[in-house]
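entry.tsv, holding TSV, C-alpha atoms and all ligand atoms:
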```tsv
chain	number	residue	atom	x	y	z
A	1	MET	CA	-21.63	3.54	-19.30
A	2	PHE	CA	-20.69	2.65	-15.73
A	3	MET	CA	-18.50	-0.22	-16.93
A	4	LEU	CA	-16.75	2.02	-19.45
A	5	MET	CA	-16.08	4.64	-16.77
A	6	HIS	CA	-14.81	1.95	-14.40
A	7	ILE	CA	-12.32	0.66	-17.00
A	8	ILE	CA	-11.16	4.21	-17.89
A	9	HIS	CA	-10.82	5.00	-14.15
A	10	LEU	CA	-8.74	1.90	-13.45
A	11	LEU	CA	-6.45	2.20	-16.50
A	12	THR	CA	-5.79	5.89	-15.81
A	13	VAL	CA	-4.98	5.14	-12.17
A	14	ILE	CA	-2.51	2.44	-13.30
A	15	LEU	CA	-0.71	4.88	-15.65
A	16	TRP	CA	-0.73	7.69	-13.10
A	17	ILE	CA	0.35	5.91	-9.92
A	18	GLY	CA	2.63	3.55	-11.86
A	19	GLY	CA	4.36	6.62	-13.36
A	20	LEU	CA	4.66	8.20	-9.93
A	21	ALA	CA	6.25	5.01	-8.56
A	22	PHE	CA	8.71	5.00	-11.49
A	23	VAL	CA	9.75	8.59	-10.78
A	24	THR	CA	10.04	7.90	-7.03
A	25	VAL	CA	11.93	4.62	-6.97
A	26	ILE	CA	13.90	4.80	-10.24
A	27	MET	CA	14.35	8.35	-11.52
A	28	LEU	CA	14.90	10.22	-8.26
A	29	PRO	CA	17.63	7.85	-7.01
A	30	ILE	CA	19.35	8.10	-10.42
A	31	ALA	CA	19.24	11.92	-10.22
A	32	ILE	CA	20.48	11.91	-6.61
A	33	ASN	CA	23.44	9.67	-7.44
A	34	THR	CA	24.52	12.05	-10.21
A	35	LYS	CA	27.60	13.84	-8.89
A	36	GLU	CA	27.57	17.02	-10.98
A	37	PRO	CA	24.97	19.44	-9.43
A	38	LEU	CA	23.78	20.96	-12.73
A	39	GLN	CA	23.38	17.54	-14.32
A	40	LYS	CA	21.52	16.34	-11.20
A	41	VAL	CA	18.96	19.16	-11.41
A	42	LEU	CA	18.68	18.91	-15.19
A	43	SER	CA	17.95	15.17	-15.25
A	44	PHE	CA	15.27	15.50	-12.58
A	45	GLN	CA	13.79	18.67	-14.08
A	46	ARG	CA	13.27	17.01	-17.47
A	47	VAL	CA	11.41	14.06	-15.95
A	48	GLU	CA	9.37	16.14	-13.52
A	49	HIS	CA	8.24	18.62	-16.22
A	50	ARG	CA	7.19	15.84	-18.54
A	51	PHE	CA	5.51	13.68	-15.93
A	52	ALA	CA	3.72	16.58	-14.21
A	53	LYS	CA	1.99	17.44	-17.51
A	54	GLN	CA	0.79	13.86	-17.94
A	55	ALA	CA	-0.18	13.55	-14.27
A	56	ARG	CA	-2.48	16.60	-14.67
A	57	ILE	CA	-4.31	14.84	-17.51
A	58	TYR	CA	-4.53	11.57	-15.52
A	59	ASN	CA	-5.87	13.52	-12.55
A	60	VAL	CA	-8.68	15.06	-14.61
A	61	ILE	CA	-9.64	11.75	-16.29
A	62	THR	CA	-9.58	9.85	-12.96
A	63	GLY	CA	-11.75	12.52	-11.34
A	64	ALA	CA	-14.18	12.82	-14.28
A	65	SER	CA	-14.68	9.05	-14.60
A	66	GLY	CA	-15.00	8.76	-10.80
A	67	PHE	CA	-17.63	11.48	-10.54
A	68	VAL	CA	-19.61	10.06	-13.49
A	69	MET	CA	-19.67	6.63	-11.75
A	70	LEU	CA	-20.74	8.34	-8.56
A	71	TYR	CA	-23.70	10.09	-10.18
A	72	ILE	CA	-24.78	7.11	-12.30
A	73	ASN	CA	-25.14	5.05	-9.13
A	74	GLY	CA	-26.43	7.91	-6.98
A	75	TRP	CA	-23.51	7.31	-4.60
A	76	HIS	CA	-22.84	11.02	-4.15
A	77	HIS	CA	-25.23	10.84	-1.18
A	78	LEU	CA	-22.73	8.49	0.44
A	79	LEU	CA	-19.97	11.11	0.51
A	80	PHE	CA	-19.12	12.14	4.08
A	81	THR	CA	-21.16	9.33	5.59
A	82	ARG	CA	-19.90	6.35	7.60
A	83	GLN	CA	-21.02	3.96	4.86
A	84	GLY	CA	-19.19	5.98	2.23
A	85	LEU	CA	-15.94	6.27	4.19
A	86	ALA	CA	-13.73	4.60	1.55
A	87	LEU	CA	-15.34	6.66	-1.22
A	88	THR	CA	-14.81	9.86	0.78
A	89	VAL	CA	-11.14	8.99	1.43
A	90	MET	CA	-10.60	8.36	-2.32
A	91	THR	CA	-12.29	11.66	-3.22
A	92	MET	CA	-10.37	13.70	-0.64
A	93	ILE	CA	-7.05	12.28	-1.85
A	94	TRP	CA	-8.03	13.20	-5.39
A	95	VAL	CA	-8.77	16.78	-4.26
A	96	PHE	CA	-5.36	16.90	-2.54
A	97	TRP	CA	-3.72	15.75	-5.81
A	98	PHE	CA	-5.72	18.29	-7.82
A	99	VAL	CA	-4.39	21.12	-5.63
A	100	MET	CA	-0.84	19.72	-5.79
A	101	LEU	CA	-0.78	19.30	-9.57
A	102	TRP	CA	-2.66	22.40	-10.67
A	103	GLY	CA	-1.52	24.78	-7.94
A	104	LEU	CA	1.57	23.83	-5.98
A	105	GLU	CA	3.59	21.99	-8.63
A	106	PRO	CA	3.69	24.82	-11.19
A	107	LEU	CA	3.98	27.51	-8.53
A	108	ILE	CA	6.51	25.97	-6.17
A	109	ILE	CA	8.36	22.91	-7.50
A	110	ARG	CA	8.77	24.06	-11.10
A	111	LYS	CA	9.91	27.54	-10.07
A	112	MET	CA	12.36	26.05	-7.57
A	113	LEU	CA	13.87	23.72	-10.19
A	114	ASP	CA	14.14	26.62	-12.67
A	115	LYS	CA	15.94	28.74	-10.06
A	116	MET	CA	18.33	25.91	-9.27
A	117	MET	CA	19.03	25.48	-12.97
A	118	LYS	CA	19.81	29.15	-13.50
A	119	GLY	CA	21.84	29.21	-10.30
A	120	GLU	CA	19.89	32.34	-9.32
A	121	GLU	CA	20.03	31.55	-5.64
A	122	LYS	CA	22.58	29.76	-3.51
A	123	MET	CA	20.71	26.58	-2.68
A	124	ASP	CA	21.50	23.44	-0.76
A	125	ILE	CA	20.72	21.21	-3.76
A	126	ASP	CA	21.24	17.94	-1.84
A	127	GLY	CA	18.93	19.18	0.93
A	128	VAL	CA	16.24	20.10	-1.62
A	129	PHE	CA	16.53	16.67	-3.23
A	130	ARG	CA	16.22	14.94	0.16
A	131	LYS	CA	12.97	16.86	0.74
A	132	MET	CA	11.81	16.00	-2.78
A	133	VAL	CA	12.38	12.28	-2.12
A	134	LYS	CA	10.36	12.45	1.11
A	135	LEU	CA	7.55	14.34	-0.66
A	136	HIS	CA	7.41	11.74	-3.46
A	137	TRP	CA	7.29	8.81	-1.00
A	138	VAL	CA	4.47	10.49	0.93
A	139	MET	CA	2.55	11.16	-2.29
A	140	MET	CA	3.00	7.56	-3.37
A	141	ALA	CA	1.82	6.20	0.00
A	142	VAL	CA	-1.21	8.52	-0.06
A	143	SER	CA	-2.03	7.41	-3.63
A	144	LEU	CA	-1.87	3.75	-2.64
A	145	VAL	CA	-4.30	4.49	0.19
A	146	ALA	CA	-6.65	5.99	-2.45
A	147	ALA	CA	-6.25	2.87	-4.63
A	148	ALA	CA	-7.01	0.62	-1.63
A	149	ALA	CA	-10.05	2.79	-0.82
A	150	GLY	CA	-11.12	2.35	-4.47
A	151	ALA	CA	-10.93	-1.44	-4.18
A	152	LEU	CA	-13.00	-1.28	-0.98
A	153	THR	CA	-15.56	0.88	-2.76
A	154	ALA	CA	-15.72	-1.30	-5.86
A	155	HIS	CA	-15.86	-4.65	-4.08
A	156	GLY	CA	-17.80	-3.64	-0.97
A	157	TYR	CA	-15.43	-5.19	1.54
A	158	PRO	CA	-16.72	-4.68	5.08
A	159	ILE	CA	-14.27	-2.36	6.83
A	160	ILE	CA	-16.17	-1.08	9.87
B	1	LIG	C1	-6.32	9.64	-6.32
B	1	LIG	C2	-7.42	9.43	-6.99
B	1	LIG	C3	-8.07	8.09	-7.16
B	1	LIG	C4	-7.55	6.84	-7.18
B	1	LIG	C5	-6.08	6.44	-7.03
B	1	LIG	C6	-8.65	5.91	-7.39
B	1	LIG	C7	-8.51	4.55	-7.49
B	1	LIG	C8	-9.55	3.65	-7.64
B	1	LIG	C9	-9.41	2.22	-7.75
B	1	LIG	C10	-8.10	1.46	-7.76
B	1	LIG	C11	-10.65	1.71	-7.83
B	1	LIG	C12	-11.00	0.23	-7.85
B	1	LIG	C13	-11.37	-0.29	-9.19
B	1	LIG	C14	-11.55	-1.79	-9.16
B	1	LIG	O1	-11.33	-2.44	-8.14
B	1	LIG	O2	-11.93	-2.32	-10.17
B	1	LIG	C15	-11.59	2.80	-7.79
B	1	LIG	C16	-12.97	2.67	-7.85
B	1	LIG	C17	-13.86	3.71	-7.79
B	1	LIG	N1	-13.55	5.05	-7.76
B	1	LIG	FE1	-11.68	5.84	-7.62
B	1	LIG	N2	-9.82	6.63	-7.49
B	1	LIG	C18	-9.52	7.96	-7.34
B	1	LIG	C19	-10.40	9.03	-7.37
B	1	LIG	C20	-11.78	8.91	-7.43
B	1	LIG	C21	-12.73	10.00	-7.42
B	1	LIG	C22	-12.38	11.49	-7.35
B	1	LIG	C23	-13.98	9.46	-7.50
B	1	LIG	C24	-15.31	10.18	-7.50
B	1	LIG	C25	-15.65	11.01	-6.60
B	1	LIG	C26	-13.82	8.02	-7.55
B	1	LIG	C27	-14.85	7.13	-7.66
B	1	LIG	C28	-14.73	5.77	-7.71
B	1	LIG	C29	-15.85	4.85	-7.71
B	1	LIG	C30	-17.33	5.25	-7.68
B	1	LIG	C31	-15.30	3.56	-7.74
B	1	LIG	C32	-16.07	2.24	-7.67
B	1	LIG	C33	-16.42	1.64	-8.97
B	1	LIG	C34	-17.25	0.38	-8.79
B	1	LIG	O3	-17.95	0.24	-7.82
B	1	LIG	O4	-17.16	-0.49	-9.63
B	1	LIG	N3	-12.48	7.73	-7.52
B	1	LIG	N4	-10.89	3.99	-7.69
```
Reformat the file's structure so that it appears as structure tokens.
Amino acid sequence: MFMLMHIIHLLTVILWIGGLAFVTVIMLPIAINTKEPLQKVLSFQRVEHRFAKQARIYNVITGASGFVMLYINGWHHLLFTRQGLALTVMTMIWVFWFVMLWGLEPLIIRKMLDKMMKGEEKMDIDGVFRKMVKLHWVMMAVSLVAAAAGALTAHGYPII
């Protein structure tokens, strides 16, 4: 069971963070370099809507497989201890992602893109996209920290 969960955890993380990297380093620059404002928003909106849906599923599977591994091994006692630092970091980053994907993304980013599309408000579209790029790079860096924390947890590298 543990091995199965470990494989599911790892494969889901690959799809999730790999997809995020694709959006950040390929799709966003393509959208930004699109001259026509409506086309710019439209191309990004399509990708973001589609990927956000998948990312929510990846988030749940990563969390579920992670928590099952935790309980099988009785490692939940290690959360918030010095010994379980890497595990705690990974879990906290997952919680951050959970809030982003299930709360902030539908409430803030999706609504903002919809408004831009309908031209409801006068918006500095280039400024919004610059912020979006920064946000995506931060999210990617944070996710890579979680992946590194996962490797430390799985392979027991001494870190302190
Ligand atoms: C952003 C979310 C997460 C990412 C990116 C992530 C990533 C990873 C990675 C890359 C590994 C290493 C696998 C390997 O080296 O074979 C790992 C292992 C592990 N993860 Fe996560 N993880 C996340 C969330 C969680 C959560 C929420 C839990 C549970 C609370 C968790 C529990 C574990 C455990 C217990 C291992 C070690 C498995 C072992 O010892 O073989 N992870 N994770």
Given the choices A:Lys53, A:Leu15, A:Ile93, A:Tyr71, which gets closest to Leu144 in chain A if the distance is worked out from only C-alpha atoms?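 Using only C-alpha atoms, Leu144 in chain A sits closest to A:Ile93.
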Length of the CA of Pro106 in chain A to CA of Met90 in chain A vector [Å]: 23.5 Å
What separates CA of Ile17 in chain A and CA of Val145 in chain A is a distance of 11.2 Å
Using all atoms listed in the file, which protein or nucleic acid residues are at most 8 Å from ligand LIG 1 (chain B), as number ranges by chain? A: 2-3, 6-7, 9-10, 13-14, 17, 59, 62-70, 73, 75-76, 87-88, 90-95, 97, 143-156
How would you write as a list in words the residues that get within 9 Å of (21.5, 13.4, -6.8) in the file's frame, counting only C-alpha atoms? Leu28, Pro29, Ile30, Ala31, Ile32, Asn33, Thr34, Lys35, Glu36, Pro37, Gln39, Lys40, Val41, Phe44, Ile125, Asp126, Phe129 and Arg130 of chain A
Given the choices A:Phe98, A:Leu4, A:Glu105, A:Phe51, which gets closest to Ala21 in chain A if the distance is worked out from all atoms listed in the file? A:Phe51
Minimum-distance residue to Gln45 in chain A, chosen among A:Met123, A:Leu107, A:Met117, A:Ala141 (using all atoms listed in the file):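 Closest to Gln45 in chain A, using all atoms listed in the file: A:Met117.
When all atoms listed in the file are used to measure the gap to Phe96 in chain A, the shortest distance among A:Met132, A:Val142, A:Leu20, A:Ala52 belongs to A:Val142.
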Just to confirm, what's the straight-line distance from CA of Lys134 in chain A to CA of Leu101 in chain A in Å (one decimal)?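 CA of Lys134 in chain A sits 16.9 Å away from CA of Leu101 in chain A.
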Can you work out which one of A:Val23, A:Ile72, A:Ala55, A:Leu11 has the shortest atom-to-atom distance to Met100 in chain A, counting all atoms listed in the file? A:Ala55
